[in-house]
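Data from model-v9.txt: compact mmCIF, C-alpha atoms
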# COMPACT_ATOMS: atom_id res chain seq x y z
CA MET A 1 -111.00 50.10 23.65
CA LEU A 2 -110.25 46.88 21.74
CA SER A 3 -111.80 46.22 18.35
CA SER A 4 -113.65 43.01 19.21
CA PRO A 5 -114.37 40.49 22.00
CA ALA A 6 -111.64 38.29 20.47
CA TRP A 7 -109.01 40.94 21.18
CA THR A 8 -110.39 41.45 24.69
CA GLU A 9 -109.94 37.72 25.27
CA LEU A 10 -106.39 37.88 23.91
CA ALA A 11 -105.60 40.75 26.27
CA SER A 12 -106.92 38.75 29.22
CA ARG A 13 -104.96 35.70 28.12
CA LEU A 14 -101.79 37.77 27.89
CA GLN A 15 -102.31 39.19 31.40
CA ARG A 16 -102.75 35.68 32.81
CA VAL A 17 -99.60 34.36 31.16
CA VAL A 18 -97.57 37.36 32.33
CA ALA A 19 -98.88 37.03 35.89
CA GLU A 20 -98.34 33.25 36.01
CA GLY A 21 -94.76 33.74 34.86
CA GLY A 22 -94.09 36.45 37.44
CA LEU A 23 -93.05 38.78 34.62
CA THR A 24 -93.35 42.49 33.97
CA LEU A 25 -93.63 44.09 30.55
CA HIS A 26 -92.56 47.51 31.78
CA THR A 27 -88.83 47.22 32.47
CA ALA A 28 -86.44 49.74 30.92
CA GLY A 29 -86.16 49.24 27.20
CA ARG A 30 -89.55 47.58 26.76
CA ARG A 31 -92.64 49.34 25.46
CA GLY A 32 -93.70 50.63 28.87
CA LEU A 33 -96.68 52.75 29.84
CA ARG A 34 -97.63 56.32 29.05
CA GLU A 35 -98.80 56.66 32.66
CA ALA A 36 -95.45 55.52 34.17
CA THR A 37 -94.37 58.79 35.76
CA ASP A 38 -91.78 57.02 37.91
CA GLY A 39 -89.75 53.87 37.59
CA PRO A 40 -88.23 52.69 34.30
CA PRO A 41 -88.24 55.23 31.46
CA SER A 42 -90.22 54.49 28.33
CA ALA A 43 -90.73 55.87 24.84
CA GLN A 44 -94.44 55.91 25.71
CA ALA A 45 -94.15 58.13 28.79
CA GLY A 46 -95.97 61.43 28.80
CA LEU A 47 -94.76 62.69 32.19
CA ARG A 48 -91.69 61.87 34.28
CA LEU A 49 -91.60 62.86 37.96
CA PHE A 50 -88.73 60.91 39.61
CA GLY A 51 -90.57 60.95 42.91
CA LYS A 52 -91.44 64.65 42.76
CA GLU A 53 -94.87 66.28 42.62
CA VAL A 54 -96.56 67.49 39.44
CA LYS A 55 -96.24 71.04 40.74
CA ASP A 56 -92.45 70.62 40.66
CA VAL A 57 -92.36 70.09 36.87
CA ARG A 58 -90.63 73.04 35.23
CA VAL A 59 -89.75 71.45 31.89
CA THR A 60 -91.71 70.42 28.81
CA LEU A 61 -89.73 68.52 26.18
CA TYR A 62 -91.03 68.63 22.61
CA ARG A 63 -89.58 65.59 20.85
CA ASP A 64 -90.39 63.59 17.77
CA ASN A 65 -93.12 60.99 17.94
CA HIS A 66 -91.13 58.02 16.67
CA GLY A 67 -87.78 58.41 18.47
CA TRP A 68 -85.98 58.97 15.15
CA CYS A 69 -84.45 62.40 15.76
CA PRO A 70 -80.83 62.23 17.01
CA TYR A 71 -81.03 65.73 18.48
CA CYS A 72 -84.12 64.87 20.53
CA HIS A 73 -82.38 61.67 21.62
CA LYS A 74 -79.54 63.59 23.30
CA VAL A 75 -81.81 65.87 25.31
CA TRP A 76 -84.13 63.00 26.28
CA MET A 77 -81.20 61.03 27.71
CA GLN A 78 -79.84 64.07 29.52
CA LEU A 79 -83.14 64.71 31.32
CA GLU A 80 -83.36 61.05 32.34
CA GLU A 81 -79.75 60.90 33.55
CA LYS A 82 -80.17 64.09 35.59
CA ARG A 83 -83.63 62.96 36.79
CA VAL A 84 -85.19 66.29 35.94
CA PRO A 85 -89.01 66.08 36.11
CA TYR A 86 -90.47 66.85 32.70
CA ARG A 87 -93.52 66.59 30.48
CA ILE A 88 -93.37 65.20 26.96
CA GLN A 89 -95.14 66.67 23.96
CA LYS A 90 -94.70 64.58 20.81
CA VAL A 91 -94.42 66.40 17.50
CA SER A 92 -94.11 64.95 14.00
CA MET A 93 -90.90 65.41 12.07
CA ASN A 94 -91.56 66.83 8.62
CA CYS A 95 -90.61 63.55 6.96
CA TYR A 96 -93.48 61.57 8.51
CA GLY A 97 -96.32 63.93 9.34
CA ASP A 98 -97.59 67.47 9.71
CA LYS A 99 -96.78 69.57 12.74
CA SER A 100 -99.65 71.04 14.74
CA ARG A 101 -100.56 74.68 14.37
CA SER A 102 -100.03 75.22 18.08
CA PHE A 103 -96.41 74.06 17.80
CA LEU A 104 -95.74 76.13 14.69
CA LYS A 105 -96.93 79.20 16.57
CA LYS A 106 -94.08 78.62 19.01
CA THR A 107 -91.44 77.99 16.32
CA PRO A 108 -92.51 78.74 12.73
CA ARG A 109 -89.69 76.58 11.36
CA GLY A 110 -90.95 73.64 13.41
CA LEU A 111 -87.55 72.96 14.94
CA LEU A 112 -87.02 69.86 17.09
CA PRO A 113 -86.13 69.35 19.82
CA ALA A 114 -87.67 72.24 21.67
CA ILE A 115 -88.08 72.84 25.35
CA GLU A 116 -89.94 75.08 27.74
CA ILE A 117 -88.25 75.82 31.05
CA ASP A 118 -90.26 77.93 33.46
CA GLY A 119 -92.46 79.02 30.57
CA GLN A 120 -89.58 80.12 28.32
CA PHE A 121 -89.37 78.41 24.93
CA HIS A 122 -86.01 77.33 23.44
CA THR A 123 -84.75 75.41 20.38
CA GLU A 124 -81.42 73.93 19.16
CA SER A 125 -80.17 70.90 21.04
CA SER A 126 -76.75 72.23 22.06
CA LYS A 127 -78.25 75.36 23.60
CA ILE A 128 -80.99 73.34 25.25
CA MET A 129 -78.50 70.96 26.86
CA GLU A 130 -76.39 73.82 28.20
CA LEU A 131 -79.52 75.50 29.56
CA ILE A 132 -80.60 72.31 31.33
CA GLU A 133 -77.15 72.06 32.94
CA LYS A 134 -77.36 75.64 34.20
CA SER A 135 -80.96 75.31 35.41
CA PHE A 136 -80.52 71.95 37.17
CA SER A 137 -77.01 71.90 38.58
CA ASP A 138 -77.47 69.35 41.39
CA LYS A 139 -76.13 66.56 39.13
CA PRO A 140 -73.54 68.23 36.89
CA MET A 141 -72.75 66.48 33.59
CA MET A 142 -70.21 68.86 32.03
CA PRO A 143 -66.81 68.07 33.62
CA ASN A 144 -63.51 69.39 32.27
CA GLY A 145 -62.92 68.16 28.76
CA THR A 146 -66.56 68.35 27.66
CA SER A 147 -65.99 70.88 24.89
CA GLN A 148 -63.13 68.84 23.41
CA ALA A 149 -65.25 65.68 23.46
CA LEU A 150 -68.16 67.46 21.78
CA SER A 151 -65.81 68.82 19.11
CA LEU A 152 -64.59 65.28 18.44
CA GLU A 153 -68.19 64.09 18.06
CA ARG A 154 -68.83 66.79 15.46
CA GLN A 155 -65.76 65.67 13.50
CA LEU A 156 -66.95 62.07 13.56
CA PHE A 157 -70.47 63.13 12.59
CA GLY A 158 -69.17 65.08 9.60
CA ALA A 159 -66.91 62.26 8.38
CA TRP A 160 -69.81 59.80 8.71
CA LEU A 161 -72.20 61.95 6.68
CA CYS A 162 -69.60 62.57 3.98
CA TRP A 163 -69.01 58.85 3.38
CA LEU A 164 -72.65 57.88 3.87
CA ARG A 165 -74.36 60.35 1.55
CA GLU A 166 -71.81 62.39 -0.44
CA GLU A 167 -69.13 60.15 -1.91
CA GLU A 168 -68.28 56.46 -2.16
CA THR A 169 -64.50 56.85 -2.41
CA PRO A 170 -61.43 55.47 -0.63
CA ARG A 171 -60.74 58.99 0.62
CA ALA A 172 -64.15 59.28 2.28
CA ARG A 173 -63.81 55.85 3.88
CA ARG A 174 -60.31 56.68 5.12
CA SER A 175 -61.52 59.95 6.68
CA PHE A 176 -64.34 58.12 8.44
CA GLU A 177 -62.06 55.42 9.80
CA GLN A 178 -59.59 58.05 11.00
CA ALA A 179 -62.41 59.79 12.88
CA MET A 180 -63.40 56.46 14.42
CA ASP A 181 -59.77 55.87 15.41
CA ALA A 182 -59.68 59.29 17.08
CA THR A 183 -62.88 58.42 18.97
CA GLU A 184 -61.38 55.08 20.03
CA ASN A 185 -58.21 56.84 21.23
CA ALA A 186 -60.21 59.39 23.23
CA LEU A 187 -61.99 56.61 25.10
CA GLN A 188 -58.70 54.84 25.72
CA ARG A 189 -57.07 58.02 27.08
CA SER A 190 -60.02 58.71 29.38
CA GLY A 191 -59.51 55.38 31.11
CA GLY A 192 -63.14 54.58 30.30
CA PRO A 193 -65.68 53.34 30.32
CA TYR A 194 -67.10 56.77 29.40
CA PHE A 195 -65.71 59.55 27.25
CA LEU A 196 -64.61 61.61 30.24
CA GLY A 197 -63.67 58.86 32.66
CA GLY A 198 -65.68 56.90 35.18
CA THR A 199 -68.93 58.90 35.11
CA CYS A 200 -71.55 59.31 32.40
CA SER A 201 -71.49 62.88 31.13
CA LEU A 202 -73.14 65.09 28.56
CA ALA A 203 -70.57 63.87 26.04
CA ASP A 204 -71.87 60.33 26.37
CA CYS A 205 -75.45 61.43 25.73
CA VAL A 206 -74.30 63.22 22.57
CA PHE A 207 -72.15 60.32 21.34
CA ALA A 208 -74.98 57.87 22.08
CA SER A 209 -77.25 59.44 19.48
CA SER A 210 -74.56 59.58 16.79
CA LEU A 211 -72.65 56.32 17.35
CA GLU A 212 -75.90 54.34 17.44
CA ARG A 213 -76.88 55.64 14.01
CA ILE A 214 -73.35 55.22 12.69
CA ALA A 215 -73.25 51.57 13.76
CA ALA A 216 -76.51 50.84 11.95
CA SER A 217 -75.95 52.80 8.75
CA ILE A 218 -72.30 52.00 8.11
CA LEU A 219 -73.00 48.28 8.38
CA TYR A 220 -76.10 48.49 6.16
CA TYR A 221 -74.81 50.85 3.47
CA LYS A 222 -71.07 50.09 3.57
CA GLY A 223 -70.73 46.60 5.03
CA LEU A 224 -68.29 47.80 7.72
CA ARG A 225 -68.99 46.44 11.17
CA ILE A 226 -68.81 48.95 14.05
CA ARG A 227 -70.35 46.86 16.84
CA GLY A 228 -67.90 44.05 17.50
CA GLY A 229 -65.49 45.53 14.94
CA ARG A 230 -61.94 46.76 15.28
CA TRP A 231 -62.68 49.46 17.87
CA PRO A 232 -62.78 47.61 21.24
CA CYS A 233 -63.08 50.72 23.44
CA ILE A 234 -66.12 51.88 21.46
CA GLU A 235 -67.68 48.42 21.84
CA ALA A 236 -66.98 48.49 25.59
CA TRP A 237 -68.59 51.94 25.74
CA PHE A 238 -71.70 50.65 23.97
CA ARG A 239 -72.01 47.79 26.44
CA LYS A 240 -71.63 50.18 29.37
CA MET A 241 -74.28 52.48 27.94
CA GLU A 242 -76.60 49.47 27.69
CA THR A 243 -76.58 49.33 31.50
CA HIS A 244 -78.24 52.77 31.57
CA GLU A 245 -82.03 52.80 31.65
CA SER A 246 -82.00 56.14 29.83
CA TYR A 247 -80.23 54.57 26.87
CA MET A 248 -82.20 51.33 26.85
CA ALA A 249 -85.48 53.25 26.73
CA SER A 250 -84.41 55.61 23.93
CA ARG A 251 -82.25 53.47 21.65
CA SER A 252 -83.54 52.20 18.33
CA ASP A 253 -82.61 49.21 16.15
CA PHE A 254 -80.68 48.97 12.90
CA HIS A 255 -83.70 48.43 10.65
CA THR A 256 -85.52 51.48 12.00
CA HIS A 257 -82.45 53.70 11.65
CA VAL A 258 -81.38 52.72 8.15
CA HIS A 259 -84.86 53.46 6.80
CA ASP A 260 -85.57 56.61 8.79
CA LEU A 261 -82.22 58.25 7.91
CA PRO A 262 -82.68 58.90 4.14
CA PRO A 263 -85.83 61.02 4.57
CA GLN A 264 -84.00 63.06 7.21
CA ILE A 265 -80.55 63.51 5.65
CA GLY A 266 -80.97 62.61 1.98
CA ALA A 267 -80.02 59.58 -0.07
CA CYS A 268 -77.45 57.21 1.43
CA ILE A 269 -74.95 55.59 -0.94
CA SER A 270 -74.58 51.80 -0.81
CA SER A 271 -71.10 50.48 -1.57
CA GLY A 272 -72.40 47.39 -3.37
CA THR A 273 -69.73 45.08 -1.96
CA PRO A 274 -70.61 41.48 -1.01
CA ASP A 275 -70.27 42.35 2.69
CA GLN A 276 -72.60 45.33 2.27
CA MET A 277 -75.24 43.38 0.39
CA ALA A 278 -75.16 40.54 2.93
CA ALA A 279 -75.46 42.99 5.84
CA ALA A 280 -78.38 44.83 4.21
CA ALA A 281 -80.19 41.55 3.54
CA ALA A 282 -79.78 40.49 7.17
CA ILE A 283 -80.98 43.84 8.54
CA ASP A 284 -83.97 43.90 6.17
CA GLY A 285 -84.80 40.24 6.77
CA THR A 286 -84.56 39.45 3.06
CA ASP A 287 -81.87 36.80 3.63
CA GLY A 288 -84.49 34.19 4.52
CA ARG A 289 -83.08 33.71 8.03
CA SER A 290 -82.92 36.89 10.09
CA TRP A 291 -86.70 37.42 10.25
CA HIS A 292 -87.85 33.82 10.00
CA LEU A 293 -88.72 31.26 12.64
CA PRO A 294 -86.83 29.74 14.31
CA LEU A 295 -84.84 32.90 14.90
CA PRO A 296 -81.07 32.60 15.31
CA PRO A 297 -79.97 33.40 18.88
CA LEU A 298 -79.37 37.07 19.64
CA THR A 299 -76.07 37.66 21.46
CA VAL A 300 -73.53 40.41 22.11
CA ASP A 301 -71.60 39.05 19.11
CA SER A 302 -74.50 39.20 16.64
CA PRO A 303 -74.17 41.72 13.77
CA GLU A 304 -76.76 43.72 15.71
CA PRO A 305 -75.88 42.85 19.30
CA GLY A 306 -78.46 42.46 22.01
CA GLN A 307 -79.73 40.42 24.89
CA GLU A 308 -82.92 38.45 24.52
CA ASP A 309 -85.43 36.50 26.53
CA PRO A 310 -87.50 35.02 23.69
CA GLY A 311 -90.58 34.14 25.75
CA HIS A 312 -90.63 37.52 27.45
CA ASP A 313 -89.93 39.29 24.16
CA ARG A 314 -92.87 37.56 22.46
CA LEU A 315 -95.19 38.68 25.26
CA GLU A 316 -93.98 42.28 24.91
CA ALA A 317 -94.68 42.07 21.18
CA ALA A 318 -98.16 40.65 21.81
CA ASN A 319 -98.85 43.44 24.29
CA ALA A 320 -97.84 46.09 21.76
CA LEU A 321 -99.93 44.50 19.01
CA ILE A 322 -103.00 44.33 21.27
CA HIS A 323 -102.53 47.94 22.32
CA CYS A 324 -102.18 49.20 18.72
CA ILE A 325 -104.53 46.84 16.89
CA GLN A 326 -107.21 49.39 16.03
CA GLY A 327 -104.65 51.65 14.38
CA VAL A 328 -102.93 48.73 12.68
CA LEU A 329 -106.23 47.55 11.20
CA LYS A 330 -107.06 51.08 10.08
CA SER A 331 -103.75 51.23 8.22
CA THR A 332 -104.63 48.02 6.31
CA ARG A 333 -107.58 49.82 4.69
CA GLY A 334 -110.11 47.10 5.45
CA GLU A 335 -108.47 44.18 3.67
CA LYS A 336 -110.55 41.03 4.04
CA ASP A 337 -109.64 38.79 6.99
CA ALA A 338 -106.79 41.05 8.22
CA ASP A 339 -108.29 41.11 11.73
CA ASN A 340 -108.37 37.32 11.86
CA ALA A 341 -104.80 37.05 10.62
CA PHE A 342 -103.48 39.46 13.26
CA GLN A 343 -105.40 37.55 15.95
CA VAL A 344 -103.66 34.32 14.93
CA VAL A 345 -100.26 36.01 15.06
CA CYS A 346 -101.05 37.39 18.50
CA ARG A 347 -102.09 33.95 19.77
CA ALA A 348 -98.86 32.51 18.40
CA LEU A 349 -96.85 35.13 20.27
CA ILE A 350 -98.63 34.31 23.54
CA ASP A 351 -99.00 30.52 23.31
CA GLY A 352 -96.45 29.51 20.68
CA VAL A 353 -96.65 28.67 16.99
CA GLU A 354 -96.88 24.95 17.73
CA GLU A 355 -99.98 25.45 19.87
CA VAL A 356 -101.68 27.49 17.15
CA THR A 357 -100.83 25.14 14.29
CA SER A 358 -101.58 21.88 16.13
CA SER A 359 -105.33 22.34 15.71
CA GLY A 360 -104.98 22.58 11.94
CA ALA A 361 -107.38 25.53 11.85
CA PHE A 362 -104.73 27.96 10.55
CA LYS A 363 -103.44 26.89 7.15
CA GLN A 364 -103.37 28.02 3.55
CA GLY A 365 -106.92 28.79 2.52
CA SER A 366 -108.21 29.35 6.06
CA VAL A 367 -107.73 33.14 5.73
CA ASP A 368 -108.05 35.24 2.58
CA ARG A 369 -104.68 35.72 0.87
CA SER A 370 -105.11 39.51 0.92
CA ALA A 371 -104.44 39.44 4.67
CA ALA A 372 -100.84 38.38 4.06
CA ALA A 373 -100.06 41.75 2.50
CA CYS A 374 -101.37 43.43 5.66
CA LEU A 375 -99.08 41.33 7.85
CA ARG A 376 -96.09 42.11 5.64
CA HIS A 377 -96.93 45.82 5.51
CA THR A 378 -96.96 45.98 9.31
CA ARG A 379 -93.81 43.82 9.57
CA ASP A 380 -91.75 46.40 7.69
CA ARG A 381 -93.09 49.39 9.63
CA ILE A 382 -92.49 48.33 13.23
CA CYS A 383 -90.65 51.19 14.90
CA VAL A 384 -88.12 50.86 17.71
CA PRO A 385 -88.33 52.31 20.38
CA ARG A 386 -91.76 53.85 19.76
CA ASP A 387 -93.57 50.51 19.43
CA MET A 388 -91.40 48.10 21.41
CA SER A 389 -87.83 47.02 22.09
CA PHE A 390 -85.55 45.53 19.44
CA PRO A 391 -85.80 41.92 20.74
CA ALA A 392 -89.61 42.18 20.79
CA ALA A 393 -89.69 43.76 17.32
CA ARG A 394 -87.53 40.92 16.07
CA GLN A 395 -90.06 38.40 17.40
CA LEU A 396 -93.04 40.26 15.96
CA ARG A 397 -91.44 40.60 12.52
CA ALA A 398 -90.69 36.86 12.44
CA HIS A 399 -94.20 35.90 13.59
CA LEU A 400 -95.81 38.23 11.04
CA ASN A 401 -93.63 36.57 8.40
CA TRP A 402 -94.74 33.14 9.60
CA GLY A 403 -98.41 34.10 9.42
CA ALA A 404 -98.04 35.67 5.96
CA ASP A 405 -96.17 32.65 4.62
CA VAL A 406 -98.89 30.29 5.84
CA ILE A 407 -101.63 32.37 4.22
CA ASP A 408 -99.80 33.24 1.01
CA PRO A 409 -96.59 31.23 0.43
CA GLN A 410 -94.05 33.03 -1.72
CA PRO A 411 -90.79 31.71 -3.20
CA GLY A 412 -88.84 34.77 -2.07
CA TRP A 413 -89.11 38.01 -0.17
CA CYS A 414 -92.43 39.82 -0.52
CA GLY A 415 -93.17 43.28 0.75
CA VAL A 416 -93.83 46.90 -0.10
CA PRO A 417 -90.60 48.92 -0.53
CA LEU A 418 -90.13 51.58 2.11
CA PRO A 419 -90.10 55.16 0.81
CA THR A 420 -86.82 57.06 0.85
CA ARG A 421 -87.99 60.65 0.30
CA ASP A 422 -90.39 60.74 3.23
CA ARG A 423 -91.99 58.33 5.68
CA ARG A 424 -95.61 59.40 5.53
CA ASP A 425 -96.39 55.68 5.60
CA THR A 426 -95.82 55.96 9.36
CA ASP A 427 -97.79 59.15 9.97
CA PRO A 428 -99.79 58.53 13.18
CA VAL A 429 -102.88 59.91 11.46
CA MET A 430 -102.86 56.79 9.27
CA PHE A 431 -103.31 54.77 12.43
CA GLY A 432 -106.16 56.85 13.76
CA ALA A 433 -104.11 58.76 16.32
CA SER A 434 -102.36 62.11 16.61
CA SER A 435 -99.43 60.36 18.30
CA LEU A 436 -98.41 56.78 18.98
Taking this structure as input, can you express it in the form of structure tokens?
Amino acid sequence: MLSSPAWTELASRLQRVVAEGGLTLHTAGRRGLREATDGPPSAQAGLRLFGKEVKDVRVTLYRDNHGWCPYCHKVWMQLEEKRVPYRIQKVSMNCYGDKSRSFLKKTPRGLLPAIEIDGQFHTESSKIMELIEKSFSDKPMMPNGTSQALSLERQLFGAWLCWLREEETPRARRSFEQAMDATENALQRSGGPYFLGGTCSLADCVFASSLERIAASILYYKGLRIRGGRWPCIEAWFRKMETHESYMASRSDFHTHVHDLPPQIGACISSGTPDQMAAAAAIDGTDGRSWHLPLPPLTVDSPEPGQEDPGHDRLEAANALIHCIQGVLKSTRGEKDADNAFQVVCRALIDGVEEVTSSGAFKQGSVDRSAAACLRHTRDRICVPRDMSFPAARQLRAHLNWGADVIDPQPGWCGVPLPTRDRRDTDPVMFGASSL
């Protein structure tokens, strides 16, 4: 239920614009629907059937609420690629919320991911993935060479963590680059585009979760570009994975990853080089360009590559904001005029900034300045893929910036620093929900 008639009108306006444009907001990679049991996968889905009946569901996947956990990511993709019907139960990671008592009764350590197959409960992602392969063998994903590929991924993972959080030394960088070279060579030897040849396998699901986080964090903390860098086979692999609905629905963006990693793995060490500082500013939007209107075009050659449809992306962002507005307003702790400010941003997403500003009704002084802090607080806490896709998040961040700058102009970046020890600022309970 929406918080006011004004939001109900905005929802109706959005539906009309979407219908008139012949668009859909529920393609793979966009926010999607919790009720979408078939069709494109979504971070919102609570049940996936793949054309089967509910009685055929043998699997319940317990995964993290936000889509931050790399181990949940692997299993999630595997189930989608194999088209195994499954239910989803979302559980908080320790770094952003408390686990339910019912889940802790199943696993006192609160381990994620977890899975129930035919009523039997299991933890640890590698064992879970092997069990899924044995239990649902009609689409095998473990061809010859799987164990070697998984061993290579563990080597890369270890070299990444060593450079990222343990030591900022030439030796650590060299070890990481050597592991990347070995990964590049493995793809080249396979003939591509996947790690074991022409078919997506379990190895690709595992590498997807690690390489995605590596690409984000190494650019942000070290200034070394992975996407579009000196590893062409890895870049080609990324682009092939982006044709998979399972990956598009489960992948995150650089900003989400670089700020969800420290609470999970510990402090990450920034190199402090000019390239690193420029990359971090672009990813955080503090460079005055990356999160400001008009947005620079998003292409496959951007520092964070992607494909965009700006009008469609803005509508997806508006849809997500409308859906979550009660929780968003709850998180602002009743700041004066916050509701009005978010309504203006939503109208700008649907009808365009020019349409909103042409009337002259929205300007400095028209909304209490305290609302700007609410817009900026939300801007920095948009989560991909939980809330929306990366192109839509990019649009929403920029429009929230626009609204905040109209209400409360500032000479430079203004925001609340994101915590690094935990992310309780994103606990769903803050937003009036047990899960989002």
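Closest approach to A:Tyr220 from the set A:Leu202, A:Met180, A:Leu261, A:Ala236 is made by A:Leu261, with distances taken over all atoms listed in the file.
Here atom CA of A:Val18 stands at a distance of 8.5 Å from atom CA of A:His312.
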Give me the residues near stretch 205-215 of chain A as JSON, numbers by chain, where near means some atom within 7 Å (using all atoms listed in the file) and where sequence neighbours in that chain fewer than 5 positions away do not count. {"A": [70, 73, 74, 77, 78, 153, 157, 226, 227, 257]}
Give me, as an MDAnalysis selection string, all polymer residues having an atom no more than 10 Å from A:Ser389, counting only C-alpha atoms and skipping those fewer than 2 positions away in the same chain. chainID A and resid 28:32 43 248:253 313 316:317 383:387 391:394
Which residues of stretch 227-343 of chain A have any atom within 8 Å of an atom in stretch 191-200 of chain A when counting all atoms listed in the file, and what is the closest pair of atoms for each, with the distance in Å to one decimal? Order the rows by chain and rising number and write it as a tab-separated table.
residue	atom	partner	partner_atom	distance
A:Cys233	CA	A:Pro193	CA	7.8
A:Ala236	CA	A:Pro193	CA	6.9
A:Trp237	CA	A:Pro193	CA	5.6
A:Lys240	CA	A:Pro193	CA	6.8
Write only N, CA and C atoms for stretch 176-190 of chain A from the block just shown, as a short mmCIF file (atom, residue, chain, number, x, y, z; two decimals), in the first residue's frame.
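result_24.cif, written as the output of this step:
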data_model
loop_
_atom_site.label_atom_id
_atom_site.label_comp_id
_atom_site.auth_asym_id
_atom_site.auth_seq_id
_atom_site.Cartn_x
_atom_site.Cartn_y
_atom_site.Cartn_z
N PHE A 176 49.06 -11.32 -7.95
CA PHE A 176 47.70 -11.18 -8.47
C PHE A 176 47.70 -11.17 -10.00
N GLU A 177 48.59 -10.40 -10.60
CA GLU A 177 48.62 -10.33 -12.05
C GLU A 177 48.99 -11.67 -12.67
N GLN A 178 49.87 -12.42 -12.01
CA GLN A 178 50.21 -13.75 -12.50
C GLN A 178 48.99 -14.68 -12.45
N ALA A 179 48.19 -14.57 -11.40
CA ALA A 179 46.97 -15.38 -11.31
C ALA A 179 45.97 -14.98 -12.39
N MET A 180 45.88 -13.69 -12.67
CA MET A 180 45.02 -13.23 -13.76
C MET A 180 45.53 -13.74 -15.10
N ASP A 181 46.85 -13.73 -15.29
CA ASP A 181 47.42 -14.26 -16.53
C ASP A 181 47.10 -15.74 -16.69
N ALA A 182 47.18 -16.49 -15.60
CA ALA A 182 46.85 -17.91 -15.65
C ALA A 182 45.38 -18.13 -16.01
N THR A 183 44.52 -17.27 -15.49
CA THR A 183 43.09 -17.34 -15.80
C THR A 183 42.86 -17.01 -17.28
N GLU A 184 43.53 -15.99 -17.76
CA GLU A 184 43.45 -15.61 -19.18
C GLU A 184 43.91 -16.78 -20.06
N ASN A 185 45.02 -17.41 -19.70
CA ASN A 185 45.56 -18.52 -20.49
C ASN A 185 44.61 -19.72 -20.49
N ALA A 186 43.95 -19.96 -19.37
CA ALA A 186 43.00 -21.08 -19.30
C ALA A 186 41.84 -20.86 -20.26
N LEU A 187 41.34 -19.64 -20.31
CA LEU A 187 40.26 -19.33 -21.26
C LEU A 187 40.73 -19.46 -22.69
N GLN A 188 41.95 -19.02 -22.96
CA GLN A 188 42.49 -19.12 -24.31
C GLN A 188 42.65 -20.58 -24.73
N ARG A 189 43.17 -21.42 -23.82
CA ARG A 189 43.35 -22.85 -24.13
C ARG A 189 42.02 -23.56 -24.35
N SER A 190 40.99 -23.13 -23.64
CA SER A 190 39.68 -23.81 -23.76
C SER A 190 39.04 -23.57 -25.11
#
